[in-house]
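The structure file query-v6.txt is reproduced below (compact mmCIF, C-alpha atoms).
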```txt
# COMPACT_ATOMS: atom_id res chain seq x y z
CA MET E 1 134.04 33.24 -54.35
CA ALA E 2 134.09 32.62 -50.57
CA LEU E 3 135.68 29.60 -48.96
CA ASP E 4 132.93 27.30 -47.69
CA LEU E 5 134.07 24.38 -45.53
CA GLN E 6 130.78 22.57 -46.26
CA MET E 7 131.44 22.41 -50.01
CA PRO E 8 132.28 19.00 -51.50
CA VAL E 9 135.93 18.60 -52.46
CA LEU E 10 137.16 16.07 -55.03
CA VAL E 11 140.69 14.67 -54.55
CA VAL E 12 142.11 12.97 -57.66
CA ASP E 13 145.21 10.77 -57.33
CA ASP E 14 146.16 7.27 -58.45
CA TYR E 15 148.13 6.73 -55.25
CA LYS E 16 145.81 5.74 -52.40
CA THR E 17 148.24 6.89 -49.73
CA MET E 18 148.34 10.39 -51.22
CA ILE E 19 144.53 10.54 -51.27
CA ARG E 20 144.58 9.51 -47.61
CA ILE E 21 147.16 12.20 -46.74
CA ILE E 22 145.26 14.98 -48.54
CA ARG E 23 141.95 13.77 -47.08
CA ASN E 24 143.40 13.94 -43.53
CA LEU E 25 144.91 17.37 -44.14
CA LEU E 26 141.60 18.66 -45.52
CA LYS E 27 139.79 17.28 -42.46
CA GLN E 28 142.28 19.11 -40.24
CA LEU E 29 141.49 22.29 -42.16
CA GLY E 30 137.79 21.77 -41.43
CA PHE E 31 136.49 20.24 -44.67
CA GLU E 32 134.00 17.45 -44.09
CA ASP E 33 132.66 16.46 -47.50
CA ILE E 34 135.63 14.88 -49.29
CA ASP E 35 135.32 12.55 -52.28
CA ASP E 36 138.07 10.91 -54.34
CA ALA E 37 138.85 9.50 -57.80
CA ALA E 38 141.77 7.42 -59.05
CA ASP E 39 142.30 9.26 -62.39
CA GLY E 40 140.93 11.95 -64.67
CA THR E 41 138.31 9.74 -66.29
CA GLU E 42 136.74 8.75 -62.98
CA ALA E 43 136.96 12.33 -61.76
CA LEU E 44 135.21 13.67 -64.86
CA GLU E 45 132.39 11.14 -64.46
CA LYS E 46 131.94 12.14 -60.81
CA MET E 47 132.04 15.85 -61.69
CA LYS E 48 129.24 15.36 -64.22
CA GLN E 49 127.07 13.81 -61.52
CA ARG E 50 127.89 16.14 -58.65
CA ARG E 51 128.86 19.79 -58.34
CA TYR E 52 132.19 20.05 -56.48
CA GLY E 53 133.38 23.27 -54.91
CA LEU E 54 137.05 22.41 -55.41
CA VAL E 55 139.14 19.84 -57.29
CA ILE E 56 142.62 18.91 -56.05
CA SER E 57 144.32 16.77 -58.66
CA ASP E 58 147.59 14.96 -59.32
CA TRP E 59 149.11 15.38 -62.82
CA ASN E 60 150.57 11.98 -63.72
CA MET E 61 147.78 9.38 -63.85
CA GLU E 62 146.47 6.82 -66.34
CA PRO E 63 144.47 6.67 -68.50
CA MET E 64 143.56 10.35 -68.12
CA THR E 65 146.12 12.70 -66.57
CA GLY E 66 145.29 15.65 -64.33
CA TYR E 67 146.43 17.97 -67.12
CA GLU E 68 143.89 16.43 -69.53
CA LEU E 69 141.24 16.56 -66.81
CA LEU E 70 141.93 20.28 -66.28
CA LYS E 71 141.59 20.99 -70.01
CA GLN E 72 138.35 18.98 -70.27
CA VAL E 73 136.90 20.71 -67.20
CA ARG E 74 137.72 24.15 -68.60
CA ALA E 75 136.22 23.18 -71.97
CA ASP E 76 132.94 22.00 -70.42
CA GLY E 77 130.50 24.87 -69.98
CA SER E 78 128.88 23.44 -66.86
CA LEU E 79 132.19 22.63 -65.11
CA SER E 80 134.51 25.34 -66.41
CA LYS E 81 134.28 27.58 -63.32
CA THR E 82 135.25 24.83 -60.84
CA PRO E 83 138.32 25.86 -58.81
CA PHE E 84 141.17 23.50 -59.69
CA ILE E 85 144.45 23.02 -57.79
CA MET E 86 147.19 20.82 -59.23
CA VAL E 87 149.21 18.89 -56.61
CA THR E 88 152.07 17.15 -58.37
CA ALA E 89 155.68 15.99 -58.47
CA GLU E 90 155.91 17.46 -62.00
CA SER E 91 158.11 20.43 -61.19
CA LYS E 92 159.44 21.68 -64.51
CA THR E 93 158.76 25.24 -65.56
CA GLU E 94 156.97 24.06 -68.71
CA ASN E 95 154.51 22.08 -66.56
CA VAL E 96 153.62 25.12 -64.46
CA ILE E 97 153.21 27.31 -67.54
CA ALA E 98 151.14 24.67 -69.36
CA ALA E 99 148.88 24.27 -66.32
CA LYS E 100 148.46 28.04 -66.05
CA LYS E 101 147.65 28.28 -69.75
CA ALA E 102 145.08 25.51 -69.31
CA GLY E 103 143.42 27.49 -66.52
CA VAL E 104 144.69 26.03 -63.24
CA ASN E 105 143.91 28.14 -60.15
CA ASN E 106 146.96 27.11 -58.18
CA TYR E 107 149.85 24.66 -58.33
CA ILE E 108 151.47 22.76 -55.43
CA VAL E 109 154.74 20.85 -55.82
CA LYS E 110 155.07 17.52 -53.98
CA PRO E 111 156.24 16.97 -51.31
CA PHE E 112 154.20 19.67 -49.62
CA ASN E 113 153.03 20.49 -46.11
CA ALA E 114 149.66 21.31 -44.55
CA GLN E 115 150.50 25.03 -44.43
CA THR E 116 151.12 25.13 -48.20
CA LEU E 117 147.84 23.31 -48.94
CA LYS E 118 145.94 25.65 -46.62
CA GLY E 119 147.60 28.73 -48.13
CA LYS E 120 146.86 27.72 -51.72
CA ILE E 121 143.22 26.85 -51.00
CA GLU E 122 142.75 30.20 -49.27
CA ALA E 123 144.47 31.98 -52.17
CA VAL E 124 142.12 30.37 -54.71
CA PHE E 125 139.05 31.54 -52.82
CA SER E 126 140.38 35.02 -52.09
CA ASP E 127 141.05 35.81 -55.77
CA MET O 1 193.32 -4.46 -113.66
CA SER O 2 196.92 -4.06 -112.55
CA GLY O 3 197.78 -7.80 -112.70
CA MET O 4 196.82 -8.24 -116.42
CA THR O 5 199.95 -8.52 -118.63
CA LYS O 6 200.44 -6.97 -122.11
CA GLU O 7 200.52 -10.47 -123.58
CA ASN O 8 197.12 -11.29 -122.08
CA VAL O 9 195.61 -8.04 -123.36
CA SER O 10 196.99 -8.76 -126.85
CA ARG O 11 195.38 -12.24 -126.84
CA VAL O 12 191.99 -10.76 -125.99
CA ILE O 13 192.37 -8.05 -128.69
CA GLU O 14 193.40 -10.66 -131.28
CA PHE O 15 190.35 -12.76 -130.43
CA LEU O 16 188.01 -9.75 -130.75
CA VAL O 17 189.59 -8.68 -134.13
CA GLU O 18 189.30 -12.25 -135.49
CA ASN O 19 185.70 -12.41 -134.35
CA LYS O 20 184.92 -9.06 -136.04
CA LYS O 21 186.40 -10.33 -139.35
CA ARG O 22 183.95 -13.25 -139.22
CA GLY O 23 181.07 -10.77 -139.19
CA GLY O 24 180.39 -10.85 -135.48
CA ASP O 25 178.71 -14.25 -135.36
CA VAL O 26 179.45 -15.77 -131.96
CA SER O 27 179.37 -19.52 -131.45
CA LEU O 28 179.55 -21.47 -128.19
CA THR O 29 183.14 -22.34 -129.09
CA ASP O 30 183.95 -18.64 -129.38
CA VAL O 31 182.51 -18.01 -125.93
CA MET O 32 184.54 -20.91 -124.49
CA GLN O 33 187.67 -19.56 -126.20
CA LEU O 34 187.06 -16.08 -124.82
CA ALA O 35 186.50 -17.53 -121.35
CA GLU O 36 189.79 -19.40 -121.68
CA VAL O 37 191.61 -16.26 -122.82
CA MET O 38 190.01 -14.19 -120.03
CA SER O 39 190.70 -16.75 -117.28
CA GLY O 40 194.27 -17.03 -118.53
CA SER O 41 194.64 -13.28 -118.38
CA MET O 42 193.07 -13.21 -114.86
CA HIS O 43 195.27 -16.00 -113.51
CA ASP O 44 198.29 -13.80 -112.93
CA PHE O 45 196.13 -11.12 -111.32
CA LEU O 46 194.41 -13.59 -108.94
CA SER O 47 197.70 -15.22 -108.00
CA THR O 48 198.90 -11.85 -106.68
CA VAL O 49 195.57 -10.92 -105.01
CA GLN O 50 194.78 -14.27 -103.34
CA PRO O 51 197.13 -13.99 -100.33
CA ALA O 52 195.71 -10.58 -99.48
CA VAL O 53 192.12 -11.89 -99.77
CA THR O 54 192.96 -14.92 -97.66
CA GLU O 55 194.51 -12.72 -94.98
CA GLU O 56 191.44 -10.50 -95.02
CA LEU O 57 189.14 -13.51 -94.61
CA ARG O 58 191.30 -14.80 -91.74
CA SER O 59 191.06 -11.39 -90.10
CA ILE O 60 187.25 -11.43 -90.42
CA ALA O 61 187.15 -14.97 -88.95
CA ARG O 62 189.32 -13.82 -85.99
CA GLU O 63 186.99 -10.84 -85.46
CA ILE O 64 183.92 -13.12 -85.48
CA THR O 65 185.57 -15.43 -82.90
CA ARG O 66 186.44 -12.44 -80.70
CA MET O 67 182.86 -11.10 -80.93
CA LYS O 68 181.50 -14.53 -80.00
CA GLU O 69 183.69 -14.44 -76.89
CA GLU O 70 182.47 -10.93 -76.06
CA ILE O 71 178.84 -12.00 -76.51
CA SER O 72 179.39 -14.98 -74.20
CA GLN O 73 180.97 -12.66 -71.61
CA LEU O 74 177.92 -10.41 -71.83
CA ARG O 75 176.04 -13.26 -70.08
CA ALA O 76 172.75 -12.06 -71.57
CA LYS O 77 170.85 -15.11 -70.32
CA ASP O 78 172.11 -14.48 -66.79
CA MET O 79 170.88 -10.91 -67.05
CA THR O 80 167.42 -11.60 -68.49
CA GLY O 81 166.85 -14.88 -66.66
CA SER O 82 168.20 -14.01 -63.23
CA LYS O 83 169.69 -10.58 -62.49
CA ILE O 84 166.94 -8.35 -63.95
CA PRO O 85 163.96 -10.38 -62.61
CA GLU O 86 165.65 -10.49 -59.18
CA ALA O 87 166.10 -6.70 -59.24
CA GLY O 88 162.41 -6.38 -60.16
CA ARG O 89 161.44 -8.55 -57.18
CA GLU O 90 163.59 -6.39 -54.88
CA LEU O 91 161.88 -3.23 -56.15
CA ASP O 92 158.43 -4.79 -55.67
CA ALA O 93 159.42 -5.71 -52.10
CA ILE O 94 160.54 -2.11 -51.50
CA VAL O 95 157.20 -0.75 -52.73
CA GLU O 96 155.35 -3.26 -50.53
CA ALA O 97 157.44 -2.46 -47.43
CA THR O 98 157.14 1.31 -47.80
CA GLU O 99 153.38 1.02 -48.39
CA GLU O 100 152.95 -1.19 -45.31
CA ALA O 101 155.03 1.18 -43.15
CA THR O 102 153.14 4.24 -44.47
CA ASN O 103 149.80 2.60 -43.68
CA THR O 104 150.95 1.69 -40.16
CA ILE O 105 152.18 5.23 -39.50
CA MET O 106 149.06 6.82 -40.96
CA GLU O 107 146.73 4.53 -39.00
CA ALA O 108 148.57 5.44 -35.79
CA ALA O 109 148.35 9.15 -36.60
CA GLU O 110 144.65 8.87 -37.49
CA GLU O 111 143.90 7.05 -34.21
CA ILE O 112 145.71 9.75 -32.24
CA MET O 113 143.82 12.46 -34.14
CA CYS O 114 140.44 10.84 -33.44
CA ALA O 115 141.20 9.76 -29.84
CA ASP O 116 139.06 10.83 -26.90
CA THR O 117 141.04 13.39 -24.90
CA SER O 118 138.64 13.59 -21.97
CA ASP O 119 140.65 11.00 -20.01
CA PRO O 120 144.25 12.34 -20.00
CA LEU O 121 145.83 9.12 -18.67
CA ALA O 122 144.10 6.88 -21.21
CA TYR O 123 144.99 9.37 -23.96
CA GLN O 124 148.64 9.40 -22.85
CA ASP O 125 148.76 5.58 -22.91
CA LEU O 126 147.24 5.52 -26.39
CA VAL O 127 149.68 8.14 -27.72
CA SER O 128 152.68 6.25 -26.20
CA ALA O 129 151.54 2.94 -27.72
CA LYS O 130 150.97 4.51 -31.14
CA MET O 131 154.33 6.29 -31.04
CA ILE O 132 156.10 2.98 -30.41
CA GLY O 133 154.16 1.56 -33.37
CA ILE O 134 155.41 4.45 -35.53
CA PHE O 135 159.05 3.87 -34.47
CA GLU O 136 158.70 0.14 -35.25
CA ALA O 137 157.23 0.88 -38.67
CA CYS O 138 160.22 3.12 -39.45
CA THR O 139 162.55 0.08 -39.31
CA PHE O 140 161.50 -0.56 -42.93
CA GLN O 141 164.14 1.98 -43.93
CA ASP O 142 167.01 -0.35 -42.97
CA ILE O 143 165.66 -3.30 -44.97
CA THR O 144 164.69 -1.24 -48.01
CA GLY O 145 168.16 0.36 -47.92
CA GLN O 146 169.72 -3.10 -48.21
CA ARG O 147 167.35 -4.06 -51.02
CA ILE O 148 168.18 -0.84 -52.90
CA SER O 149 171.90 -1.64 -52.55
CA LYS O 150 171.28 -5.03 -54.23
CA VAL O 151 169.43 -3.34 -57.11
CA VAL O 152 172.26 -0.79 -57.53
CA LYS O 153 174.76 -3.70 -57.59
CA THR O 154 172.75 -5.36 -60.38
CA LEU O 155 172.63 -2.13 -62.37
CA ASN O 156 176.41 -1.76 -62.02
CA TYR O 157 176.88 -5.39 -63.17
CA ILE O 158 174.78 -4.74 -66.30
CA ASP O 159 176.50 -1.41 -66.91
CA GLU O 160 179.98 -2.99 -66.77
CA ARG O 161 179.14 -5.78 -69.20
CA VAL O 162 177.22 -3.67 -71.69
CA SER O 163 179.92 -0.93 -71.59
CA SER O 164 182.65 -3.52 -72.24
CA PHE O 165 180.61 -5.01 -75.09
CA ILE O 166 180.06 -1.60 -76.71
CA GLU O 167 183.79 -0.85 -76.35
CA GLN O 168 184.69 -4.11 -78.10
CA LEU O 169 182.25 -3.35 -80.91
CA ARG O 170 184.29 -0.18 -81.56
CA ILE O 171 181.20 1.77 -82.45
CA PRO O 172 182.22 5.20 -83.79
CA GLU O 173 180.90 8.41 -82.23
CA GLY O 174 177.45 9.39 -83.47
CA PHE O 175 176.76 5.95 -84.93
CA GLU O 176 173.51 5.46 -82.99
CA LEU O 177 170.44 5.42 -85.19
CA ASP O 178 167.45 7.59 -84.34
CA LEU O 179 164.74 5.23 -83.14
CA PRO O 180 161.11 5.99 -83.98
CA GLU O 181 159.17 7.48 -81.07
CA THR O 182 157.18 4.86 -79.13
CA GLU O 183 153.57 5.33 -78.06
CA ALA O 184 154.67 5.73 -74.42
CA GLU O 185 157.27 8.36 -75.39
CA ARG O 186 154.69 10.25 -77.47
CA ARG O 187 152.30 10.28 -74.48
CA GLU O 188 155.06 11.53 -72.15
CA ARG O 189 155.98 14.31 -74.59
CA GLU O 190 152.44 15.46 -75.36
CA LEU O 191 151.21 15.31 -71.77
CA ILE O 192 154.45 16.83 -70.37
CA LEU O 193 155.18 13.87 -68.08
CA HIS O 194 158.67 14.30 -66.65
CA GLY O 195 158.12 12.70 -63.25
CA PRO O 196 159.80 13.86 -60.04
CA GLN O 197 163.00 15.90 -60.40
CA HIS O 198 166.14 15.55 -58.29
CA ALA O 199 166.92 18.12 -55.62
CA GLY O 200 167.85 21.42 -57.25
CA GLU O 201 166.67 20.36 -60.72
CA GLY O 202 162.96 21.18 -60.65
CA VAL O 203 161.29 24.40 -59.61
CA SER O 204 160.54 25.03 -55.92
CA GLN O 205 157.14 26.04 -54.53
CA THR O 206 158.42 29.63 -54.33
CA ASP O 207 159.45 29.47 -58.01
CA VAL O 208 155.99 28.09 -58.87
CA ASP O 209 154.32 30.93 -56.99
CA ASP O 210 156.46 33.48 -58.85
CA LEU O 211 155.74 31.75 -62.17
CA LEU O 212 152.01 31.85 -61.54
CA LYS O 213 152.22 35.54 -60.65
CA ASP O 214 154.07 36.34 -63.85
CA ALA O 215 152.87 33.40 -65.90
CA GLN O 216 151.54 35.52 -68.73
CA ALA O 217 154.84 37.41 -69.00
CA ASP O 218 156.74 34.11 -69.17
CA ILE O 219 154.36 32.75 -71.79
CA ASP O 220 154.85 35.92 -73.85
CA LYS O 221 158.65 35.49 -73.58
CA LEU O 222 158.37 32.06 -75.18
CA PHE O 223 156.99 33.72 -78.33
CA ASP O 224 159.53 36.60 -78.47
```

Would you write out, as structure tokens, the structure that this file holds?
Amino acid sequence: MALDLQMPVLVVDDYKTMIRIIRNLLKQLGFEDIDDAADGTEALEKMKQRRYGLVISDWNMEPMTGYELLKQVRADGSLSKTPFIMVTAESKTENVIAAKKAGVNNYIVKPFNAQTLKGKIEAVFSD
Amino acid sequence: MSGMTKENVSRVIEFLVENKKRGGDVSLTDVMQLAEVMSGSMHDFLSTVQPAVTEELRSIAREITRMKEEISQLRAKDMTGSKIPEAGRELDAIVEATEEATNTIMEAAEEIMCADTSDPLAYQDLVSAKMIGIFEACTFQDITGQRISKVVKTLNYIDERVSSFIEQLRIPEGFELDLPETEAERRERELILHGPQHAGEGVSQTDVDDLLKDAQADIDKLFD
């Protein structure tokens, strides 16, 4: 799958400032079509209405966490192939392994920098 | 019954033998007589036990008085009515101040990013003005630092009083009961919600990258 800067990207985080930071970093990387959601439930609703080329999601949100969102996306036939990057402060080994088992494409630990975000997005689309 | 004398025991035996000879019929008078014999036989015993019981009761009363003093020194009302709500207000103010500062800094950065660079002098003026704005916004750190110190002071105050109270209770090691898991705890466990880790405690981005490379091997190890 090739990296297409025109593809719509969905940023999921319950912290508005983090959405704003990721949005600005994505713009710097050349992405133009960026949408956001405040938790997994809202993200899932948006994903059922629009086909996103990439989802960048936080883990710890209410009512639906990013981990639950990932599992639901992978279980849904029409959404299961969507590239999914977890960006989270959850930095225990069991979190990384659980995310991998659930089918995450990459995992970024907060705090992170623009170079890490760029590198992980490129890695997802070069696999 | 160590305080019961031979004489008392004999009186009870005599009464029971006499009663048996009468065919076992028991009248109210018999019961009263037995009660009299029994109370007489218990009198000596109680007269030796009573001082010990009284001393024990006095000791319990002293302990209750001491615990009442400890409870009053706990100043629970001061904690729930003043100290804890005040600490909550300080934390809210910290969140508000950091959010305001972050927004100011981000707005400045966004304006610089979107600024027209065709006029170098105008661009330089804009960048200088926004940089000053960023420096000003960073002054939040001093105020939030002071607020955090107040919250830490409150936590220490609570810690001291509760620790002293627990010490006075003389709770033995391992006495704590296992509490049933709350709904919030169940959610945290099932959804693996640990929150941010302290420096050196969680895995680094490099560790994550290595884990993802060898994730399957690590998963397999868990089942070895």

Subject >> Spatial neighbours of E:Ile121, max dist 9 Å, all atoms listed in the file, sep filter under 2 positions, as a list of chain:residue names >> reply: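 Surrounding residues, per the criterion: E:Leu3, E:Leu54, E:Ile85, E:Asn106, E:Thr116, E:Leu117, E:Lys118, E:Gly119, E:Ala123, E:Val124, E:Phe125, E:Ser126.
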
Surrounding residues of O:Ala101 excluding itself and chain neighbours under 2 positions, 9 Å, only C-alpha atoms, as an mmCIF file with C-alpha atoms, in the frame of the given file:
```cif
data_model
loop_
_atom_site.group_PDB
_atom_site.id
_atom_site.type_symbol
_atom_site.label_atom_id
_atom_site.label_comp_id
_atom_site.auth_asym_id
_atom_site.auth_seq_id
_atom_site.Cartn_x
_atom_site.Cartn_y
_atom_site.Cartn_z
ATOM 1 C CA GLU O 96 155.350 -3.260 -50.530
ATOM 2 C CA ALA O 97 157.440 -2.460 -47.430
ATOM 3 C CA THR O 98 157.140 1.310 -47.800
ATOM 4 C CA GLU O 99 153.380 1.020 -48.390
ATOM 5 C CA ASN O 103 149.800 2.600 -43.680
ATOM 6 C CA THR O 104 150.950 1.690 -40.160
ATOM 7 C CA ILE O 105 152.180 5.230 -39.500
ATOM 8 C CA MET O 106 149.060 6.820 -40.960
ATOM 9 C CA ILE O 134 155.410 4.450 -35.530
ATOM 10 C CA GLU O 136 158.700 0.140 -35.250
ATOM 11 C CA ALA O 137 157.230 0.880 -38.670
ATOM 12 C CA CYS O 138 160.220 3.120 -39.450
ATOM 13 C CA THR O 139 162.550 0.080 -39.310
ATOM 14 C CA PHE O 140 161.500 -0.560 -42.930
#
```

**OP:** Could you please determine the separation between atom CA of E:Asp36 and atom CA of E:Ser78 in Å, to one decimal place?
**Re:**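 It comes out at 20.0 Å.
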
**OP:** Show me which bits of chain O are within 6 Å of chain E, counting only C-alpha atoms, as a list of chain:residue names.
**Re:**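 Taking only C-alpha atoms into account, O:Gly195, O:Pro196, O:Gly202, O:Val203, O:Gln205 sit within 6 Å of chain E.
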
Subject >> Spatial neighbours of E:Gln49, 12 Å, all atoms listed in the file, chain gap at least 5 places, as JSON, numbers by chain >> reply: {"E": [42, 43, 44, 78, 79]}

**OP:** Figure out the distance between atom CA of E:Pro8 and atom CA of E:Gly77, please, to one decimal in Å.
**Re:**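 Going from atom CA of E:Gly77 over to atom CA of E:Pro8, I get 19.5 Å.
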
**OP:** Just the residues within 12 Å of O:Ser39, please, counting all atoms listed in the file, with nothing from its chain fewer than 4 positions along; format it as a PyMOL selection string.
**Re:** chain O and resi 4+8-9+11-12+31-35+43-47

Subject >> Atom pair atom CA of O:Ile158 / atom CA of O:Glu63: separation (Å) >> reply: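 These two atoms are separated by 23.5 Å.
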